[in-house]
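What follows is a short report on a single structure.
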2 protein chains.
Amino acid sequence: MQVAVLHAPGDVRVEQREDPKIVAPTDAIIRLAATCICGSDLWPYRGIDKVDGPRPMGHEYVGIVEEVGSEVRTIRPGQFVVGSFFASDNTCEICRAGYQTHCVHSQPASPTGAQAEYSRIALADGTLVATPELPTEDLVPGLLAASDVLGTGWFAAVAAAVGPGKTVAVVGDGAVGLLGVLAAKQLGAERIIAMSRHEPRQKLALEYGATDIVTERGDEGVSRIRELTGGLGAHSLIEAVGTQESMMQAIRATRAGGHVGFVGVSHDVHLPGEELFRSGVHLHGGPAPVRRFLPELIDLIYRREIDPGRVFDLTLPLAEAAEGYRAMDERRAIKVLLRP
Amino acid sequence: MQVAVLHAPGDVRVEQREDPKIVAPTDAIIRLAATCICGSDLWPYRGIDKVDGPRPMGHEYVGIVEEVGSEVRTIRPGQFVVGSFFASDNTCEICRAGYQTHCVHSQPASPTGAQAEYSRIALADGTLVATPELPTEDLVPGLLAASDVLGTGWFAAVAAAVGPGKTVAVVGDGAVGLLGVLAAKQLGAERIIAMSRHEPRQKLALEYGATDIVTERGDEGVSRIRELTGGLGAHSLIEAVGTQESMMQAIRATRAGGHVGFVGVSHDVHLPGEELFRSGVHLHGGPAPVRRFLPELIDLIYRREIDPGRVFDLTLPLAEAAEGYRAMDERRAIKVLLRP
């Protein structure tokens, strides 16, 4: 099969490798209908995360089940499935509390890579959610978004305690931030402030429900949020970047007693304890337990109440994955969908 | 009047100063029935917080209202009152959300010091809560505890999402940690693990409802908590110390999706973003909005359902405040009550 492999920073090649096989009796093999490139794939692509030899890439996937291991009970060949980037048994105490990413059996869901024609998925029964029927073509991008960026933006909004009457601000205008706007709208936020200085992203944010756009960043961005909220700060902050600046911007733009939901993968972030203490904010985040939200998100997509697939503004054949990475790295595309 | 003044690290003197007078029309003057020394008073006493010239000490107080300013409407002379260490208007949006410590008009409640015979209290109507009647002598220590350490321990337990069926661990065996144990018990925790290596404090923790004592600290303490919780970590952690070690101990002893309530005043704490991200815990804390809880706590004390005053294991005349500081500094006393 074809799979995108990162050899070194900036060097992605689509190569021919053996089709994946069932390894554990809880595995499934899926044939991918669509896959994509994640903002987090850019960390190793840019050399910020270390690259130790060739690495099959990708962890976002939707597709048809081809084969299942002998212990798989609920997932069956022929089903169209969506899964999260972390495999989980979905039965342990941590999973039942809604933190499947931290499952006691947690592991990468697609160890063979998901920017590929086929992928082996671990703990299939716990990890995969079958759609009610085979989706029409127009639903596929949205379902693919559910497997990571939508689930992550949704978790960020839930972690930020978004709800009716709340003012929400979103730091980060990538796919996760934009879908955080969509989630905030769905969860009933009264006012949604998107922080973005990129016109196409501002436009999508507004279409997803943003009521205000703030182009300032850092301390100026914080001042602007405070101006817009009577000097108090927002009730809820969605942080979808993962840098020191974005985290401090999020904490400082939140009112005392408010909530910061942070889902940007932290890179070189050190939170000053005394400022956090004085701030009085709630802080919660981390790798999103996407699995918790999948049934609800699939339902919203099938009922066409949300259209998260619009974050994909570039579609390429899998064979052109390298161009997809370049487009995202250069911010020419918000998110790139790859067709195997 | 007599007031305890810190001149330099280790140098507390009880001096004669002018009685406080109404300054703002929202002030009240109270005659203290009892006051005490706080764990946080030890930071400047030990020279860890800088001492810039003589400072009147104390911020915990109960007493009888002597006089009120012209704009005070609900508090009246003759009432017995309890207040928090931060003054708040109790009407702004932040106060109404339960974060009175962060009131838009927040200020130190007793600018003239509360380790004194009299104290001026700012924003009397918002800050002070009158008891239903003059308390009998045996209730005074408990009411005094409510003004800070009980309210702080209670907030920590609420911030840590303590509730029925939960396993709670408490880092810190000072008065706040011990009253965190009491709060956890009242809030219905199933299991309460107190981390302490001091026999008298262990004893009080057990009397307040602790089910387990862990004497190990740091990584060993974390391992012990994990052992006691099936490898998962506690649901709720109360952090009542404020050091790097205690914060990391709290975060690491909490299961993914669990809650850390931190109320130890942070000193030189820097939280590693990546570890916090991976941990999946909720983090909330800061200076406790004691005012939120005062009506409920006063009621529990009057109904004799809780006896928080037992954290005072040494009572001295105000004139002997210096000995009180020494006793707490040397950990000969958990908490010292001063009688003006």
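Letters for chains follow the order of the structure tokens (A, B, ...), residue numbers begin at 1 for each chain, and ligand numbers begin at 1 in the order shown.
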Each chain A residue no farther than 8 Å from chain B, nearest pair in Å, only C-alpha atoms, as JSON lines:
{"residue": "A:Ile94", "atom": "CA", "partner": "B:Ala256", "partner_atom": "CA", "distance": 7.1}
{"residue": "A:Ala97", "atom": "CA", "partner": "B:Gly257", "partner_atom": "CA", "distance": 7.4}
{"residue": "A:Gly98", "atom": "CA", "partner": "B:Gly257", "partner_atom": "CA", "distance": 7.7}
{"residue": "A:Tyr99", "atom": "CA", "partner": "B:Gly257", "partner_atom": "CA", "distance": 6.1}
{"residue": "A:His102", "atom": "CA", "partner": "B:Ala256", "partner_atom": "CA", "distance": 6.3}
{"residue": "A:Ala256", "atom": "CA", "partner": "B:His102", "partner_atom": "CA", "distance": 6.3}
{"residue": "A:Gly257", "atom": "CA", "partner": "B:Tyr99", "partner_atom": "CA", "distance": 6.1}
{"residue": "A:Phe262", "atom": "CA", "partner": "B:Phe277", "partner_atom": "CA", "distance": 8.0}
{"residue": "A:Val263", "atom": "CA", "partner": "B:Phe277", "partner_atom": "CA", "distance": 7.8}
{"residue": "A:Val265", "atom": "CA", "partner": "B:Phe277", "partner_atom": "CA", "distance": 7.2}
{"residue": "A:Ser266", "atom": "CA", "partner": "B:Glu274", "partner_atom": "CA", "distance": 5.0}
{"residue": "A:His267", "atom": "CA", "partner": "B:Glu274", "partner_atom": "CA", "distance": 6.5}
{"residue": "A:Asp268", "atom": "CA", "partner": "B:Gly273", "partner_atom": "CA", "distance": 7.0}
{"residue": "A:Val269", "atom": "CA", "partner": "B:Gly273", "partner_atom": "CA", "distance": 4.6}
{"residue": "A:His270", "atom": "CA", "partner": "B:Pro272", "partner_atom": "CA", "distance": 4.8}
{"residue": "A:Leu271", "atom": "CA", "partner": "B:Leu271", "partner_atom": "CA", "distance": 4.9}
{"residue": "A:Pro272", "atom": "CA", "partner": "B:His270", "partner_atom": "CA", "distance": 4.8}
{"residue": "A:Gly273", "atom": "CA", "partner": "B:Val269", "partner_atom": "CA", "distance": 4.6}
{"residue": "A:Glu274", "atom": "CA", "partner": "B:Ser266", "partner_atom": "CA", "distance": 5.0}
{"residue": "A:Leu276", "atom": "CA", "partner": "B:Gly286", "partner_atom": "CA", "distance": 7.5}
{"residue": "A:Phe277", "atom": "CA", "partner": "B:Gly286", "partner_atom": "CA", "distance": 4.2}
{"residue": "A:Arg278", "atom": "CA", "partner": "B:Gly286", "partner_atom": "CA", "distance": 5.6}
{"residue": "A:Ser279", "atom": "CA", "partner": "B:Gly286", "partner_atom": "CA", "distance": 7.1}
{"residue": "A:Gly280", "atom": "CA", "partner": "B:Gly286", "partner_atom": "CA", "distance": 5.3}
{"residue": "A:Val281", "atom": "CA", "partner": "B:His284", "partner_atom": "CA", "distance": 6.3}
{"residue": "A:His282", "atom": "CA", "partner": "B:His284", "partner_atom": "CA", "distance": 4.6}
{"residue": "A:Leu283", "atom": "CA", "partner": "B:Leu283", "partner_atom": "CA", "distance": 5.0}
{"residue": "A:His284", "atom": "CA", "partner": "B:His282", "partner_atom": "CA", "distance": 4.6}
{"residue": "A:Gly285", "atom": "CA", "partner": "B:Gly280", "partner_atom": "CA", "distance": 6.0}
{"residue": "A:Gly286", "atom": "CA", "partner": "B:Phe277", "partner_atom": "CA", "distance": 4.2}
{"residue": "A:Pro287", "atom": "CA", "partner": "B:Arg278", "partner_atom": "CA", "distance": 6.8}
Selection to disk with N, CA, C and O atoms, as a short mmCIF file (atom, residue, chain, number, x, y, z; two decimals), in the first residue's frame:
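Final file, part_9.cif:
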data_model
loop_
_atom_site.label_atom_id
_atom_site.label_comp_id
_atom_site.auth_asym_id
_atom_site.auth_seq_id
_atom_site.Cartn_x
_atom_site.Cartn_y
_atom_site.Cartn_z
N ILE A 94 -11.23 4.92 33.86
CA ILE A 94 -10.85 6.22 33.29
C ILE A 94 -11.69 6.49 32.03
O ILE A 94 -12.19 7.60 31.83
N ALA A 97 -15.16 7.46 32.85
CA ALA A 97 -15.26 8.84 33.33
C ALA A 97 -15.10 9.83 32.17
O ALA A 97 -15.13 11.04 32.38
N GLY A 98 -14.90 9.31 30.94
CA GLY A 98 -14.83 10.21 29.78
C GLY A 98 -13.43 10.63 29.39
O GLY A 98 -13.26 11.57 28.61
N TYR A 99 -12.42 9.94 29.90
CA TYR A 99 -11.03 10.30 29.58
C TYR A 99 -10.32 9.19 28.83
O TYR A 99 -9.27 8.72 29.22
N HIS A 102 -6.67 8.67 28.13
CA HIS A 102 -5.83 8.25 29.25
C HIS A 102 -6.19 6.84 29.71
O HIS A 102 -5.83 6.44 30.82
N ALA A 256 -11.50 35.96 36.62
CA ALA A 256 -11.38 35.11 37.81
C ALA A 256 -12.62 34.22 37.89
O ALA A 256 -13.74 34.68 37.67
N GLY A 257 -12.41 32.97 38.17
CA GLY A 257 -13.51 32.01 38.23
C GLY A 257 -13.85 31.45 36.85
O GLY A 257 -14.66 30.53 36.77
N PHE A 262 -7.38 24.05 27.33
CA PHE A 262 -6.18 24.12 26.47
C PHE A 262 -5.92 22.78 25.78
O PHE A 262 -5.83 21.75 26.41
N VAL A 263 -5.83 22.85 24.45
CA VAL A 263 -5.64 21.63 23.66
C VAL A 263 -4.48 21.74 22.69
O VAL A 263 -4.15 20.76 22.02
N VAL A 265 -0.88 21.34 21.76
CA VAL A 265 0.14 20.50 22.39
C VAL A 265 1.26 21.41 22.93
O VAL A 265 1.89 22.14 22.17
N SER A 266 1.46 21.37 24.24
CA SER A 266 2.38 22.31 24.90
C SER A 266 3.82 22.08 24.45
O SER A 266 4.33 20.96 24.50
N HIS A 267 4.43 23.14 24.02
CA HIS A 267 5.85 23.11 23.64
C HIS A 267 6.58 24.20 24.41
O HIS A 267 6.32 25.37 24.24
N ASP A 268 7.53 23.76 25.27
CA ASP A 268 8.32 24.71 26.06
C ASP A 268 7.45 25.70 26.82
O ASP A 268 7.73 26.90 26.82
N VAL A 269 6.41 25.20 27.44
CA VAL A 269 5.53 26.06 28.22
C VAL A 269 5.84 25.85 29.71
O VAL A 269 5.99 24.72 30.16
N HIS A 270 6.02 26.97 30.43
CA HIS A 270 6.18 26.90 31.88
C HIS A 270 5.24 27.93 32.49
O HIS A 270 5.40 29.12 32.26
N LEU A 271 4.28 27.45 33.24
CA LEU A 271 3.28 28.36 33.79
C LEU A 271 3.75 28.90 35.13
O LEU A 271 4.06 28.11 36.04
N PRO A 272 3.81 30.22 35.27
CA PRO A 272 4.24 30.79 36.54
C PRO A 272 3.17 30.57 37.61
O PRO A 272 2.03 31.00 37.47
N GLY A 273 3.55 29.83 38.66
CA GLY A 273 2.59 29.42 39.69
C GLY A 273 1.91 30.58 40.37
O GLY A 273 0.71 30.54 40.63
N GLU A 274 2.68 31.64 40.66
CA GLU A 274 2.09 32.73 41.42
C GLU A 274 1.03 33.45 40.59
O GLU A 274 -0.04 33.81 41.11
N LEU A 276 -0.71 32.14 38.14
CA LEU A 276 -1.85 31.22 38.01
C LEU A 276 -2.68 31.25 39.30
O LEU A 276 -3.91 31.27 39.27
N PHE A 277 -1.99 31.26 40.44
CA PHE A 277 -2.66 31.32 41.74
C PHE A 277 -3.52 32.58 41.82
O PHE A 277 -4.71 32.52 42.15
N ARG A 278 -2.93 33.71 41.49
CA ARG A 278 -3.65 34.98 41.61
C ARG A 278 -4.79 35.09 40.60
O ARG A 278 -5.76 35.80 40.82
N SER A 279 -4.65 34.41 39.46
CA SER A 279 -5.64 34.57 38.38
C SER A 279 -7.02 34.03 38.76
O SER A 279 -8.03 34.53 38.29
N GLY A 280 -7.05 32.96 39.56
CA GLY A 280 -8.34 32.38 39.94
C GLY A 280 -9.06 31.68 38.80
O GLY A 280 -10.26 31.43 38.89
N VAL A 281 -8.35 31.33 37.72
CA VAL A 281 -9.01 30.63 36.62
C VAL A 281 -8.99 29.12 36.83
O VAL A 281 -8.20 28.61 37.64
N HIS A 282 -9.86 28.42 36.14
CA HIS A 282 -9.81 26.97 36.06
C HIS A 282 -9.00 26.61 34.81
O HIS A 282 -9.18 27.23 33.76
N LEU A 283 -8.18 25.59 34.94
CA LEU A 283 -7.35 25.17 33.82
C LEU A 283 -7.56 23.68 33.58
O LEU A 283 -7.42 22.88 34.51
N HIS A 284 -7.92 23.34 32.36
CA HIS A 284 -8.09 21.92 32.04
C HIS A 284 -7.84 21.72 30.55
O HIS A 284 -8.20 22.57 29.74
N GLY A 285 -7.22 20.61 30.22
CA GLY A 285 -6.96 20.37 28.81
C GLY A 285 -6.16 19.10 28.62
O GLY A 285 -6.24 18.17 29.41
N GLY A 286 -5.36 19.10 27.55
CA GLY A 286 -4.56 17.93 27.23
C GLY A 286 -5.07 17.28 25.97
O GLY A 286 -5.92 17.82 25.26
N PRO A 287 -4.53 16.09 25.70
CA PRO A 287 -4.97 15.36 24.49
C PRO A 287 -6.45 15.03 24.63
O PRO A 287 -6.85 14.39 25.60
#
Neighbour list for stretch 173-179 of chain A as a PyMOL selection string, cut-off 9 Å, only C-alpha atoms, skip fewer than 3 positions in-chain: chain A and resi 38-39+145+148-154+156+170+182-184+194-198+201-202+204-205+208+238-241+263-264+308+311-312+334-335
Alpha helix (DSSP H) call set, DSSP backbone run, stretch 4-193 of chain A, as a PyMOL selection string: chain A and resi 42-45+93-96+124-127+140-146+149-159+175-186
In stretch 54-260 of chain A, DSSP strand (DSSP E or B) residues written as a ChimeraX atom specification: /A:55-56,61-68,80-83,86-87,107-108,116,118-121,128-130,167-171,191-195,212-214,234-239,254-260
A:Val162 surroundings by only C-alpha atoms, 8 Å radius, close-in-sequence under 5 positions cut, as a count of residues only: 8
Selection near A:Pro9, 6 Å with only C-alpha atoms, sequence-local residues under 5 positions removed, as an NGL selection string: :A and (45-47)
Find the residues around stretch 296-307 of chain A up to 8 Å (only C-alpha atoms counted), leave out those fewer than 2 positions away in its own chain, and share them as a PDB file with N, CA and C atoms, in the first residue's frame.
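result24.pdb was written with the following content:
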ATOM      1  N   THR A 131     -20.706   4.337  11.838  1.00  0.00           N
ATOM      2  CA  THR A 131     -21.760   5.294  11.475  1.00  0.00           C
ATOM      3  C   THR A 131     -23.064   4.515  11.277  1.00  0.00           C
ATOM      4  N   LEU A 139     -20.560  13.810   3.327  1.00  0.00           N
ATOM      5  CA  LEU A 139     -20.398  13.728   4.785  1.00  0.00           C
ATOM      6  C   LEU A 139     -18.994  13.294   5.201  1.00  0.00           C
ATOM      7  N   GLY A 142     -16.541  15.804   6.989  1.00  0.00           N
ATOM      8  CA  GLY A 142     -16.985  16.117   8.349  1.00  0.00           C
ATOM      9  C   GLY A 142     -16.688  14.980   9.313  1.00  0.00           C
ATOM     10  N   LEU A 143     -16.930  13.752   8.863  1.00  0.00           N
ATOM     11  CA  LEU A 143     -16.643  12.589   9.717  1.00  0.00           C
ATOM     12  C   LEU A 143     -15.145  12.480   9.987  1.00  0.00           C
ATOM     13  N   ALA A 146     -14.231  14.832  12.607  1.00  0.00           N
ATOM     14  CA  ALA A 146     -14.641  14.355  13.935  1.00  0.00           C
ATOM     15  C   ALA A 146     -13.549  13.510  14.597  1.00  0.00           C
ATOM     16  N   GLY A 151     -13.351  16.827  17.405  1.00  0.00           N
ATOM     17  CA  GLY A 151     -13.400  16.287  18.773  1.00  0.00           C
ATOM     18  C   GLY A 151     -12.514  17.082  19.722  1.00  0.00           C
ATOM     19  N   LEU A 182     -17.092  26.594  16.341  1.00  0.00           N
ATOM     20  CA  LEU A 182     -18.309  25.825  16.011  1.00  0.00           C
ATOM     21  C   LEU A 182     -18.880  25.155  17.264  1.00  0.00           C
ATOM     22  N   PHE A 293     -16.871  12.019  22.635  1.00  0.00           N
ATOM     23  CA  PHE A 293     -17.814  12.871  21.904  1.00  0.00           C
ATOM     24  C   PHE A 293     -18.260  12.275  20.577  1.00  0.00           C
ATOM     25  N   LEU A 294     -17.611  11.208  20.100  1.00  0.00           N
ATOM     26  CA  LEU A 294     -17.875  10.720  18.735  1.00  0.00           C
ATOM     27  C   LEU A 294     -19.341  10.390  18.454  1.00  0.00           C
ATOM     28  N   GLY A 309     -16.459  19.730   8.100  1.00  0.00           N
ATOM     29  CA  GLY A 309     -15.568  19.400   6.975  1.00  0.00           C
ATOM     30  C   GLY A 309     -15.091  20.627   6.206  1.00  0.00           C
ATOM     31  N   ARG A 310     -15.702  21.770   6.498  1.00  0.00           N
ATOM     32  CA  ARG A 310     -15.287  22.980   5.771  1.00  0.00           C
ATOM     33  C   ARG A 310     -13.894  23.458   6.159  1.00  0.00           C
TER      34      ARG A 310
END
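Of note, atom CA of A:Ile64 and atom CA of A:Ile29 are spaced 8.6 Å apart.
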